[in-house]
>>> print(open('query_7.txt').read())   # compact mmCIF, C-alpha atoms
# COMPACT_ATOMS: atom_id res chain seq x y z
CA MET A 30 40.77 47.37 -2.20
CA ALA A 31 39.55 45.19 0.68
CA ARG A 32 39.68 45.54 4.47
CA ALA A 33 41.57 43.36 6.97
CA ILE A 34 40.47 42.56 10.53
CA LEU A 35 42.61 40.87 13.20
CA LEU A 36 40.98 39.93 16.52
CA VAL A 37 43.40 38.75 19.21
CA MET A 38 41.94 36.78 22.13
CA ASP A 39 44.69 37.52 24.62
CA SER A 40 46.22 34.25 25.94
CA VAL A 41 43.71 31.85 24.34
CA GLY A 42 46.31 29.25 23.32
CA CYS A 43 45.75 25.68 22.19
CA GLY A 44 48.88 23.82 23.37
CA GLY A 45 51.44 21.95 21.33
CA ALA A 46 54.26 24.50 21.09
CA PRO A 47 57.32 22.57 19.84
CA ASP A 48 59.62 24.54 22.18
CA ALA A 49 57.35 24.36 25.25
CA GLU A 50 60.02 22.42 27.17
CA ALA A 51 62.37 25.40 27.05
CA PHE A 52 59.75 27.42 28.88
CA GLY A 53 58.73 24.73 31.37
CA ASP A 54 55.33 24.43 29.72
CA VAL A 55 55.17 20.92 28.26
CA GLY A 56 51.53 19.87 28.47
CA ALA A 57 50.06 23.36 28.92
CA ASN A 58 46.91 23.81 26.85
CA THR A 59 44.67 26.75 27.68
CA LEU A 60 41.68 25.83 25.53
CA GLY A 61 42.10 22.09 25.90
CA HIS A 62 42.12 22.14 29.67
CA ILE A 63 39.24 24.62 29.90
CA ILE A 64 37.07 22.52 27.58
CA ARG A 65 37.84 19.35 29.53
CA ALA A 66 37.17 21.04 32.87
CA CYS A 67 33.80 22.27 31.63
CA ALA A 68 32.86 18.84 30.26
CA GLU A 69 33.77 17.21 33.57
CA GLY A 70 31.78 19.67 35.68
CA ARG A 71 34.85 21.38 37.14
CA ALA A 72 34.01 24.90 35.92
CA GLU A 73 30.62 25.57 37.47
CA ASP A 74 31.14 29.01 39.06
CA GLY A 75 28.74 31.37 37.29
CA ARG A 76 28.12 28.92 34.46
CA SER A 77 27.40 25.23 33.98
CA GLY A 78 28.08 22.27 31.73
CA PRO A 79 30.21 21.87 28.60
CA LEU A 80 31.85 24.95 27.12
CA HIS A 81 29.29 26.63 24.86
CA ALA A 82 31.16 28.29 21.99
CA PRO A 83 29.16 27.33 18.88
CA ASN A 84 30.50 30.10 16.64
CA LEU A 85 34.18 29.42 17.29
CA GLY A 86 33.39 25.71 17.13
CA ALA A 87 31.76 26.04 13.72
CA LEU A 88 34.74 27.93 12.33
CA GLY A 89 37.00 25.04 13.33
CA LEU A 90 38.18 25.59 16.91
CA GLY A 91 38.16 21.87 17.74
CA ALA A 92 40.06 21.03 14.58
CA ALA A 93 42.62 23.75 15.35
CA ILE A 94 43.22 22.33 18.83
CA ARG A 95 43.60 18.80 17.45
CA LEU A 96 46.07 20.07 14.86
CA ALA A 97 48.08 22.06 17.42
CA SER A 98 48.27 19.56 20.24
CA GLY A 99 46.87 16.24 19.01
CA ILE A 100 43.96 16.03 21.44
CA ALA A 101 40.26 15.62 20.70
CA LEU A 102 37.80 17.38 22.96
CA PRO A 103 34.16 16.65 23.81
CA GLY A 104 31.71 18.96 22.07
CA PHE A 105 34.23 20.20 19.52
CA GLU A 106 34.22 17.35 17.03
CA ALA A 107 32.20 19.11 14.30
CA ALA A 108 33.67 19.51 10.83
CA PRO A 109 34.84 23.11 10.30
CA THR A 110 32.89 25.45 8.05
CA GLY A 111 35.43 28.29 8.05
CA LEU A 112 39.12 28.98 7.67
CA TRP A 113 41.06 27.18 10.38
CA GLY A 114 44.56 26.24 11.45
CA ALA A 115 47.09 26.85 14.22
CA ALA A 116 50.10 29.16 14.45
CA THR A 117 53.53 28.67 16.03
CA GLU A 118 55.62 31.52 17.43
CA VAL A 119 59.38 31.83 16.86
CA SER A 120 60.09 34.90 19.03
CA ARG A 121 61.90 33.94 22.22
CA GLY A 122 59.20 35.02 24.61
CA LYS A 123 55.65 34.21 25.64
CA ASP A 124 54.58 37.77 26.28
CA THR A 125 52.06 40.13 24.73
CA PRO A 126 54.39 42.37 22.67
CA SER A 127 56.29 39.41 21.19
CA GLY A 128 53.07 37.71 20.16
CA HIS A 129 51.42 40.79 18.68
CA TRP A 130 54.51 42.05 16.87
CA GLU A 131 55.06 38.65 15.27
CA LEU A 132 51.36 38.35 14.36
CA THR A 133 51.79 41.62 12.47
CA GLY A 134 54.87 40.40 10.65
CA VAL A 135 57.80 41.24 12.96
CA PRO A 136 59.39 38.47 15.05
CA VAL A 137 61.43 39.74 18.00
CA PRO A 138 65.14 39.47 17.10
CA TRP A 139 66.51 39.79 20.65
CA ASP A 140 66.25 38.14 24.03
CA TRP A 141 64.15 40.09 26.51
CA HIS A 142 65.50 40.95 29.95
CA TYR A 143 63.67 39.19 32.77
CA PHE A 144 63.69 39.88 36.48
CA ARG A 145 64.45 36.38 37.76
CA GLY A 146 64.42 35.13 41.34
CA GLY A 147 66.01 36.79 44.30
CA ASP A 148 64.71 38.98 47.07
CA PRO A 149 64.17 41.59 45.83
CA ALA A 150 63.67 40.46 42.23
CA ILE A 151 63.79 44.06 41.00
CA PRO A 152 67.39 45.12 41.77
CA PRO A 153 68.00 47.99 44.18
CA GLU A 154 69.95 49.92 41.56
CA ILE A 155 66.71 50.22 39.55
CA THR A 156 64.45 51.16 42.45
CA LEU A 157 67.00 53.62 43.87
CA GLU A 158 67.39 55.34 40.50
CA LEU A 159 63.61 55.52 40.15
CA VAL A 160 63.32 57.11 43.60
CA GLU A 161 66.05 59.59 42.74
CA ARG A 162 64.46 60.57 39.43
CA THR A 163 60.92 60.91 40.77
CA GLY A 164 61.27 62.00 44.38
CA LEU A 165 59.35 58.99 45.67
CA PRO A 166 59.68 58.15 49.37
CA GLY A 167 60.51 54.57 48.37
CA THR A 168 58.87 51.52 46.75
CA LEU A 169 57.02 48.46 48.01
CA CYS A 170 57.16 44.74 47.16
CA ASN A 171 59.82 44.75 44.36
CA ASN A 172 59.26 41.03 43.78
CA HIS A 173 57.36 38.54 41.66
CA ALA A 174 53.64 38.90 42.34
CA SER A 175 50.17 38.66 40.80
CA GLY A 176 47.87 41.65 40.36
CA MET A 177 45.08 41.36 42.91
CA PRO A 178 47.05 39.53 45.65
CA VAL A 179 49.72 42.23 45.56
CA LEU A 180 47.09 44.94 46.04
CA ARG A 181 45.64 43.14 49.03
CA ALA A 182 49.10 42.65 50.53
CA TYR A 183 50.53 46.14 49.97
CA GLY A 184 47.64 48.46 49.02
CA ALA A 185 46.99 49.82 52.52
CA GLU A 186 50.69 50.46 53.15
CA HIS A 187 50.93 52.21 49.78
CA VAL A 188 48.03 54.53 50.64
CA ALA A 189 49.58 55.29 54.05
CA THR A 190 53.14 55.92 52.82
CA GLY A 191 52.83 57.13 49.22
CA MET A 192 55.27 54.42 48.09
CA PRO A 193 54.08 52.73 44.85
CA ILE A 194 53.96 48.95 44.52
CA LEU A 195 56.53 47.54 42.08
CA TYR A 196 56.28 43.94 40.95
CA THR A 197 57.15 41.66 38.06
CA SER A 198 56.45 38.18 36.70
CA ALA A 199 58.00 35.57 34.44
CA ASP A 200 57.42 38.00 31.57
CA SER A 201 59.73 40.86 30.63
CA VAL A 202 57.76 43.44 32.55
CA LEU A 203 57.86 45.94 35.40
CA GLN A 204 54.43 46.71 36.83
CA ILE A 205 53.72 49.71 39.04
CA ALA A 206 50.49 49.88 41.03
CA ALA A 207 49.22 53.01 42.74
CA HIS A 208 45.92 54.40 43.99
CA GLU A 209 44.14 56.65 41.50
CA THR A 210 43.11 59.27 44.05
CA HIS A 211 45.48 58.96 47.02
CA PHE A 212 48.56 58.79 44.77
CA GLY A 213 47.08 60.26 41.59
CA LEU A 214 46.73 58.86 38.10
CA GLU A 215 48.87 61.55 36.50
CA ARG A 216 51.60 60.98 39.08
CA LEU A 217 51.50 57.22 38.42
CA MET A 218 51.97 57.81 34.69
CA GLU A 219 54.94 60.10 35.37
CA VAL A 220 56.56 57.43 37.54
CA CYS A 221 55.96 54.77 34.88
CA GLU A 222 57.48 56.97 32.17
CA ALA A 223 60.56 57.48 34.35
CA ALA A 224 60.77 53.73 34.96
CA ALA A 225 60.52 53.06 31.23
CA ARG A 226 63.49 55.33 30.58
CA ILE A 227 65.46 53.26 33.08
CA VAL A 228 64.52 49.70 32.05
CA HIS A 229 63.79 49.91 28.32
CA PRO A 230 67.51 50.17 27.48
CA MET A 231 67.89 46.87 29.36
CA ARG A 232 65.30 45.32 26.97
CA VAL A 233 62.59 45.03 29.59
CA GLY A 234 59.62 44.86 27.23
CA ARG A 235 56.98 46.81 29.14
CA VAL A 236 56.35 49.05 32.08
CA ILE A 237 52.69 48.74 33.03
CA ALA A 238 50.76 51.34 35.04
CA ARG A 239 48.27 49.54 37.30
CA PRO A 240 45.96 52.11 38.90
CA PHE A 241 43.44 50.96 41.50
CA VAL A 242 40.72 52.33 43.75
CA GLY A 243 39.10 51.29 47.03
CA GLU A 244 39.81 51.97 50.67
CA THR A 245 40.51 48.54 52.17
CA PRO A 246 42.19 45.33 50.99
CA GLU A 247 38.72 43.84 50.52
CA THR A 248 37.55 46.71 48.27
CA PHE A 249 40.72 47.43 46.29
CA THR A 250 40.07 46.92 42.58
CA ARG A 251 42.00 47.81 39.44
CA THR A 252 40.56 50.39 37.07
CA ALA A 253 40.35 50.65 33.29
CA HIS A 254 43.14 53.26 33.19
CA ARG A 255 45.91 50.72 32.77
CA ARG A 256 48.65 51.85 30.41
CA ASP A 257 51.44 49.77 28.88
CA LEU A 258 54.68 51.55 27.99
CA ALA A 259 56.29 49.19 25.49
CA ILE A 260 59.56 49.20 23.60
CA PRO A 261 58.81 50.08 19.94
CA PRO A 262 58.90 47.19 17.44
CA PRO A 263 62.27 46.80 15.70
CA GLU A 264 60.80 46.97 12.18
CA PRO A 265 57.65 48.35 10.54
CA THR A 266 54.69 46.19 11.51
CA LEU A 267 51.53 45.59 9.51
CA LEU A 268 50.09 48.71 11.11
CA ASP A 269 52.95 50.85 9.81
CA ARG A 270 52.69 49.28 6.36
CA VAL A 271 48.96 49.92 6.13
CA VAL A 272 49.40 53.58 7.06
CA ALA A 273 52.36 54.00 4.67
CA ALA A 274 50.15 52.68 1.86
CA GLY A 275 47.48 55.29 2.58
CA GLY A 276 45.16 53.20 4.74
CA ARG A 277 44.26 53.56 8.38
CA ALA A 278 44.94 51.24 11.29
CA HIS A 279 42.09 51.20 13.80
CA ALA A 280 43.40 50.00 17.17
CA ILE A 281 41.02 48.53 19.76
CA GLY A 282 41.96 47.91 23.41
CA LYS A 283 45.62 47.99 24.42
CA ILE A 284 46.88 47.72 20.83
CA GLY A 285 48.15 51.31 20.93
CA ASP A 286 50.28 50.59 24.00
CA ILE A 287 51.59 47.29 22.63
CA PHE A 288 52.88 48.98 19.48
CA ALA A 289 54.16 52.10 21.31
CA HIS A 290 51.41 53.98 19.41
CA ARG A 291 53.32 53.53 16.16
CA GLY A 292 51.17 53.08 13.08
CA VAL A 293 47.93 53.76 14.99
CA SER A 294 45.41 55.96 13.16
CA THR A 295 42.48 55.69 15.56
CA LEU A 296 42.34 54.26 19.07
CA ALA A 297 39.38 53.00 21.11
CA LYS A 298 39.45 51.56 24.60
CA GLY A 299 36.82 50.13 26.91
CA LYS A 300 36.24 49.07 30.50
CA ASP A 301 36.03 45.36 29.59
CA ASP A 302 36.05 43.00 26.63
CA MET A 303 32.35 43.48 25.91
CA ALA A 304 32.95 47.21 25.57
CA LEU A 305 35.87 46.40 23.27
CA VAL A 306 33.59 44.25 21.12
CA ASP A 307 31.30 47.29 20.89
CA ALA A 308 34.32 49.35 19.82
CA THR A 309 35.24 46.75 17.20
CA ILE A 310 31.75 46.85 15.75
CA ALA A 311 31.90 50.65 15.66
CA ALA A 312 35.27 50.54 13.89
CA LEU A 313 33.86 48.17 11.27
CA GLY A 314 31.21 50.79 10.61
CA THR A 315 33.78 53.48 9.83
CA ALA A 316 36.79 51.59 8.43
CA GLY A 317 37.30 52.13 4.73
CA GLN A 318 38.88 50.21 1.91
CA GLY A 319 42.52 49.41 2.57
CA ASP A 320 42.09 49.79 6.33
CA LEU A 321 43.11 47.43 9.14
CA VAL A 322 41.02 46.88 12.26
CA ILE A 323 43.07 45.22 15.00
CA ALA A 324 41.71 44.43 18.46
CA ASN A 325 43.06 42.91 21.66
CA TYR A 326 40.63 41.38 24.15
CA VAL A 327 42.57 41.26 27.39
CA ASP A 328 40.11 39.96 30.01
CA PHE A 329 40.85 36.31 29.21
CA ASP A 330 44.44 36.88 30.29
CA THR A 331 44.29 39.56 32.94
CA LEU A 332 41.19 38.52 34.85
CA TYR A 333 41.17 34.75 34.47
CA GLY A 334 44.42 33.28 33.12
CA HIS A 335 46.77 34.84 35.66
CA ALA A 336 44.20 34.27 38.41
CA ARG A 337 43.97 30.57 37.42
CA ASP A 338 40.18 30.94 37.28
CA VAL A 339 38.89 28.21 34.97
CA SER A 340 35.21 29.09 35.37
CA GLY A 341 35.86 32.76 34.74
CA TYR A 342 37.93 32.00 31.66
CA ALA A 343 35.14 29.74 30.34
CA ARG A 344 32.56 32.47 30.95
CA ALA A 345 34.74 34.93 29.03
CA ILE A 346 35.06 32.59 26.04
CA GLU A 347 31.30 32.01 25.99
CA ALA A 348 30.55 35.73 26.22
CA PHE A 349 32.96 36.55 23.39
CA ASP A 350 31.61 33.72 21.24
CA ALA A 351 28.07 34.98 21.69
CA ARG A 352 29.05 38.39 20.25
CA LEU A 353 30.75 37.03 17.14
CA PRO A 354 27.59 37.05 14.97
CA GLU A 355 27.35 40.82 15.54
CA ILE A 356 30.90 41.21 14.20
CA PHE A 357 30.28 38.86 11.29
CA ALA A 358 27.16 40.84 10.35
CA ARG A 359 29.32 43.97 9.82
CA LEU A 360 31.69 42.29 7.38
CA ARG A 361 31.73 43.18 3.71
CA PRO A 362 32.07 40.51 1.02
CA ASP A 363 35.74 41.35 0.38
CA ASP A 364 36.81 41.60 4.04
CA LEU A 365 39.26 39.14 5.57
CA LEU A 366 38.76 38.50 9.30
CA LEU A 367 41.17 36.37 11.32
CA ILE A 368 40.69 35.44 14.97
CA THR A 369 43.76 34.28 16.89
CA ALA A 370 45.73 34.66 20.14
CA ASP A 371 49.16 35.92 21.17
CA HIS A 372 50.28 33.20 23.67
CA GLY A 373 48.73 30.89 26.26
CA ASN A 374 47.78 31.34 29.90
CA ASP A 375 46.47 27.95 30.98
CA PRO A 376 44.28 28.53 34.06
CA THR A 377 44.93 24.94 35.21
CA TRP A 378 48.73 25.34 35.07
CA ARG A 379 51.14 25.86 37.95
CA GLY A 380 52.06 29.40 38.90
CA THR A 381 50.38 32.52 37.56
CA ASP A 382 52.26 33.25 34.34
CA HIS A 383 51.77 32.89 30.60
CA THR A 384 52.28 29.48 28.98
CA ARG A 385 54.13 28.76 25.74
CA GLU A 386 51.55 27.39 23.29
CA ARG A 387 50.45 27.39 19.71
CA VAL A 388 47.37 29.49 19.00
CA PRO A 389 44.27 28.89 16.89
CA VAL A 390 43.78 30.81 13.65
CA LEU A 391 40.13 31.02 12.61
CA GLY A 392 37.97 33.03 10.27
CA PRO A 393 34.69 32.99 8.39
CA ALA A 394 35.11 31.79 4.81
CA MET A 395 32.97 31.01 1.80
CA ALA A 396 33.82 27.33 2.31
CA GLU A 397 35.87 25.20 4.70
CA ARG A 398 39.56 25.92 4.31
CA ALA A 399 42.31 24.20 6.26
CA ILE A 400 45.50 26.27 6.37
CA GLY A 401 47.44 23.79 8.53
CA LEU A 402 50.28 24.76 10.83
CA VAL A 403 51.51 28.26 10.02
CA GLY A 404 53.76 30.84 11.63
CA PHE A 405 52.64 33.87 13.61
CA ALA A 406 54.22 36.10 10.95
CA ASP A 407 52.17 34.32 8.29
CA VAL A 408 49.05 35.81 9.87
CA GLY A 409 50.32 39.33 9.26
CA GLU A 410 51.56 38.53 5.77
CA THR A 411 48.19 37.02 4.86
CA LEU A 412 46.39 40.18 5.91
CA ALA A 413 49.00 42.29 4.08
CA ALA A 414 48.56 40.29 0.89
CA HIS A 415 44.79 40.63 1.19
CA LEU A 416 45.24 44.42 1.30
CA GLY A 417 47.52 44.34 -1.72
CA LEU A 418 50.63 45.38 0.20
CA PRO A 419 54.12 44.35 -0.96
CA PRO A 420 55.53 41.28 0.84
CA GLY A 421 57.31 41.88 4.13
CA ARG A 422 60.56 40.35 5.35
CA HIS A 423 59.00 37.59 7.46
CA GLY A 424 56.33 35.00 6.79
CA ARG A 425 54.12 34.40 3.77
CA SER A 426 50.44 34.49 3.02
CA PHE A 427 48.79 31.13 3.75
CA LEU A 428 45.97 32.00 1.35
CA LYS A 429 48.49 31.46 -1.46
CA ILE A 430 49.62 28.04 -0.19
>>> encode(input="query_7.txt", output="structure tokens")
Amino acid sequence: MARAILLVMDSVGCGGAPDAEAFGDVGANTLGHIIRACAEGRAEDGRSGPLHAPNLGALGLGAAIRLASGIALPGFEAAPTGLWGAATEVSRGKDTPSGHWELTGVPVPWDWHYFRGGDPAIPPEITLELVERTGLPGTLCNNHASGMPVLRAYGAEHVATGMPILYTSADSVLQIAAHETHFGLERLMEVCEAAARIVHPMRVGRVIARPFVGETPETFTRTAHRRDLAIPPPEPTLLDRVVAAGGRAHAIGKIGDIFAHRGVSTLAKGKDDMALVDATIAALGTAGQGDLVIANYVDFDTLYGHARDVSGYARAIEAFDARLPEIFARLRPDDLLLITADHGNDPTWRGTDHTRERVPVLGPAMAERAIGLVGFADVGETLAAHLGLPPGRHGRSFLKI
């Protein structure tokens, strides 16, 4: 029995989603716009010149972008040598849980609850109930905000008053930021668990704990102790199916949180994506036959997509690409490795939120193999079929097409 490996580059979309208009994202293209910016000398902070991603390029990244969105990009014209295609999501969201669940075979069957406009965006009935349940002196912000700006705006007041910072975005999420030492990490987790009990029944997808350190707005910085409290998937995912069949699911990064720790056999986290690549390599050294290794690399999204930092996003792609040969070297002849993404987050786009896009699907192969346009759920079903699991309810293996 073989092994299956799924590497998710968080937010590394490639444009072309057929329903982008419904999300206000017509024309968004994370990879396409980054590659063009690099080629035109508009991404020179900490790097220089055209995007250097030879390993992804050789697998077929340029071809995947052309297939997804119909654009050709300088430096990515080479004929693919690996498995390549692009995937389209059907779940009605452009968030992390929707993307990951569907990539593992379970489209989201409901509409998420979003905190729309208004001041405050997070209704008083929620914040008042949270205060009552937890004994907090109150909450700060309670509006749409982005991670680092909200710390600079409210961090000092939070430290002085003990009131945590609550904020949201265009995603189905409630984020709670608090200082690791002045407020306490354990206390933050208790507050987030109480918030999850309030908002999960409303179908708010995640409550995210956002701990930070520092003593001034200039020195505030988020730590690696983030935790996502997610609604459990509505059906067994690929992780559950692997474990039910006697295999193990090795989760890297925030995979455990995304899947509400369901179907997770081992869990490894790291302070950044390079540490998560190290964890992936370690997992490939211990994973056995019939096992799944599934990793999420979040820095693309958290550090650079939301911050609309094109240079930083390009640096992250180049750093990840440079580590791929180390991962490939740990593969066994009967392994199937797929590299993909869960949504877009175009750093050239308006606002600070995710963008609705198709995503590339790439993998090393014995010979060039074009899989065409597939569904997110097809990714999970392909890995399931490779492991010899019975077919699931959604999607089909594209290796049988």
>>> residues_near_point(input="query_7.txt", point="(28.6, 35.2, 15.5)", cutoff="10 Å", atoms="only C-alpha atoms", output="PyMOL selection string")
chain A and resi 82-85+87+349-358+393
>>> write_last_selection(input="query_7.txt", atoms="C-alpha atoms", output="PDB file, keeping the file's coordinate frame")
ATOM      1  CA  ALA A  82      31.160  28.290  21.990  1.00  0.00           C
ATOM      2  CA  PRO A  83      29.160  27.330  18.880  1.00  0.00           C
ATOM      3  CA  ASN A  84      30.500  30.100  16.640  1.00  0.00           C
ATOM      4  CA  LEU A  85      34.180  29.420  17.290  1.00  0.00           C
ATOM      5  CA  ALA A  87      31.760  26.040  13.720  1.00  0.00           C
ATOM      6  CA  PHE A 349      32.960  36.550  23.390  1.00  0.00           C
ATOM      7  CA  ASP A 350      31.610  33.720  21.240  1.00  0.00           C
ATOM      8  CA  ALA A 351      28.070  34.980  21.690  1.00  0.00           C
ATOM      9  CA  ARG A 352      29.050  38.390  20.250  1.00  0.00           C
ATOM     10  CA  LEU A 353      30.750  37.030  17.140  1.00  0.00           C
ATOM     11  CA  PRO A 354      27.590  37.050  14.970  1.00  0.00           C
ATOM     12  CA  GLU A 355      27.350  40.820  15.540  1.00  0.00           C
ATOM     13  CA  ILE A 356      30.900  41.210  14.200  1.00  0.00           C
ATOM     14  CA  PHE A 357      30.280  38.860  11.290  1.00  0.00           C
ATOM     15  CA  ALA A 358      27.160  40.840  10.350  1.00  0.00           C
ATOM     16  CA  PRO A 393      34.690  32.990   8.390  1.00  0.00           C
TER      17      PRO A 393
END
>>> closest_residue(input="query_7.txt", among="A:Leu132, A:Ala312, A:Ala297, A:Ala223", to="Arg425 in chain A", atoms="all atoms listed in the file")
A:Leu132
>>> closest_atom_pairs(input="query_7.txt", of="range 112-159 of chain A", to="range 266-271 of chain A", cutoff="8 Å", atoms="all atoms listed in the file", output="CSV")
residue,atom,partner,partner_atom,distance
A:Trp130,CA,A:Thr266,CA,6.8
A:Thr133,CA,A:Leu267,CA,5.0
A:Gly134,CA,A:Thr266,CA,5.9
A:Val135,CA,A:Thr266,CA,6.0
>>> residues_around(input="query_7.txt", residues="Arg235 in chain A", least_positions_apart="3", cutoff="8 Å", atoms="only C-alpha atoms", output="NGL selection string")
:A and (201-203 or 225 or 229 or 257-260)
>>> closest_residue(input="query_7.txt", among="A:Arg277, A:Lys283, A:Arg344, A:Arg76", to="Ala33 in chain A", atoms="only C-alpha atoms")
A:Arg277
>>> atom_distance(input="query_7.txt", atom1="CA of Asp124 in chain A", atom2="CA of Ala93 in chain A")
21.4 Å
>>> residues_near_point(input="query_7.txt", point="(37.2, 51.7, 12.3)", cutoff="12 Å", atoms="all atoms listed in the file", output="PDB file with C-alpha atoms, keeping the file's coordinate frame")
ATOM      1  CA  ARG A  32      39.680  45.540   4.470  1.00  0.00           C
ATOM      2  CA  ALA A  33      41.570  43.360   6.970  1.00  0.00           C
ATOM      3  CA  ILE A  34      40.470  42.560  10.530  1.00  0.00           C
ATOM      4  CA  GLY A 276      45.160  53.200   4.740  1.00  0.00           C
ATOM      5  CA  ARG A 277      44.260  53.560   8.380  1.00  0.00           C
ATOM      6  CA  ALA A 278      44.940  51.240  11.290  1.00  0.00           C
ATOM      7  CA  HIS A 279      42.090  51.200  13.800  1.00  0.00           C
ATOM      8  CA  ALA A 280      43.400  50.000  17.170  1.00  0.00           C
ATOM      9  CA  ILE A 281      41.020  48.530  19.760  1.00  0.00           C
ATOM     10  CA  VAL A 293      47.930  53.760  14.990  1.00  0.00           C
ATOM     11  CA  SER A 294      45.410  55.960  13.160  1.00  0.00           C
ATOM     12  CA  THR A 295      42.480  55.690  15.560  1.00  0.00           C
ATOM     13  CA  LEU A 296      42.340  54.260  19.070  1.00  0.00           C
ATOM     14  CA  ALA A 297      39.380  53.000  21.110  1.00  0.00           C
ATOM     15  CA  ASP A 307      31.300  47.290  20.890  1.00  0.00           C
ATOM     16  CA  ALA A 308      34.320  49.350  19.820  1.00  0.00           C
ATOM     17  CA  THR A 309      35.240  46.750  17.200  1.00  0.00           C
ATOM     18  CA  ILE A 310      31.750  46.850  15.750  1.00  0.00           C
ATOM     19  CA  ALA A 311      31.900  50.650  15.660  1.00  0.00           C
ATOM     20  CA  ALA A 312      35.270  50.540  13.890  1.00  0.00           C
ATOM     21  CA  LEU A 313      33.860  48.170  11.270  1.00  0.00           C
ATOM     22  CA  GLY A 314      31.210  50.790  10.610  1.00  0.00           C
ATOM     23  CA  THR A 315      33.780  53.480   9.830  1.00  0.00           C
ATOM     24  CA  ALA A 316      36.790  51.590   8.430  1.00  0.00           C
ATOM     25  CA  GLY A 317      37.300  52.130   4.730  1.00  0.00           C
ATOM     26  CA  GLN A 318      38.880  50.210   1.910  1.00  0.00           C
ATOM     27  CA  GLY A 319      42.520  49.410   2.570  1.00  0.00           C
ATOM     28  CA  ASP A 320      42.090  49.790   6.330  1.00  0.00           C
ATOM     29  CA  LEU A 321      43.110  47.430   9.140  1.00  0.00           C
ATOM     30  CA  VAL A 322      41.020  46.880  12.260  1.00  0.00           C
ATOM     31  CA  ILE A 323      43.070  45.220  15.000  1.00  0.00           C
ATOM     32  CA  ALA A 324      41.710  44.430  18.460  1.00  0.00           C
ATOM     33  CA  ARG A 359      29.320  43.970   9.820  1.00  0.00           C
ATOM     34  CA  LEU A 360      31.690  42.290   7.380  1.00  0.00           C
TER      35      LEU A 360
END
>>> atom_distance(input="query_7.txt", atom1="CA of His423 in chain A", atom2="CA of Gly128 in chain A")
14.0 Å
>>> atom_distance(input="query_7.txt", atom1="CA of Ala46 in chain A", atom2="CA of Ala199 in chain A")
17.7 Å
>>> closest_residue(input="query_7.txt", among="A:Ala406, A:Ser98, A:Thr163, A:His208", to="Glu222 in chain A", atoms="all atoms listed in the file")
A:Thr163
>>> closest_residue(input="query_7.txt", among="A:Gly44, A:Pro246, A:Gly78, A:Pro376", to="Pro178 in chain A", atoms="only C-alpha atoms")
A:Pro246
>>> closest_residue(input="query_7.txt", among="A:Ile237, A:Ile346, A:Leu90, A:Leu402", to="Gly111 in chain A", atoms="all atoms listed in the file")
A:Leu90
>>> closest_residue(input="query_7.txt", among="A:Phe212, A:Trp378, A:Phe249, A:Phe288", to="Gly61 in chain A", atoms="all atoms listed in the file")
A:Trp378
>>> residues_around(input="query_7.txt", residues="Phe52 in chain A", least_positions_apart="2", cutoff="12 Å", atoms="only C-alpha atoms", output="PyMOL selection string")
chain A and resi 46-50+54-57+121-124+199-200+373+382-386
>>> residues_around(input="query_7.txt", residues="Arg398 in chain A", least_positions_apart="3", cutoff="9 Å", atoms="only C-alpha atoms", output="PyMOL selection string")
chain A and resi 109-114+394-395
>>> write_last_selection(input="query_7.txt", atoms="C-alpha atoms", output="PDB file, in the frame of the given file")
ATOM      1  CA  PRO A 109      34.840  23.110  10.300  1.00  0.00           C
ATOM      2  CA  THR A 110      32.890  25.450   8.050  1.00  0.00           C
ATOM      3  CA  GLY A 111      35.430  28.290   8.050  1.00  0.00           C
ATOM      4  CA  LEU A 112      39.120  28.980   7.670  1.00  0.00           C
ATOM      5  CA  TRP A 113      41.060  27.180  10.380  1.00  0.00           C
ATOM      6  CA  GLY A 114      44.560  26.240  11.450  1.00  0.00           C
ATOM      7  CA  ALA A 394      35.110  31.790   4.810  1.00  0.00           C
ATOM      8  CA  MET A 395      32.970  31.010   1.800  1.00  0.00           C
TER       9      MET A 395
END
>>> residues_around(input="query_7.txt", residues="range 240-243 of chain A", least_positions_apart="6", cutoff="6 Å", atoms="all atoms listed in the file", output="ChimeraX atom specification")
/A:206-209,249-252
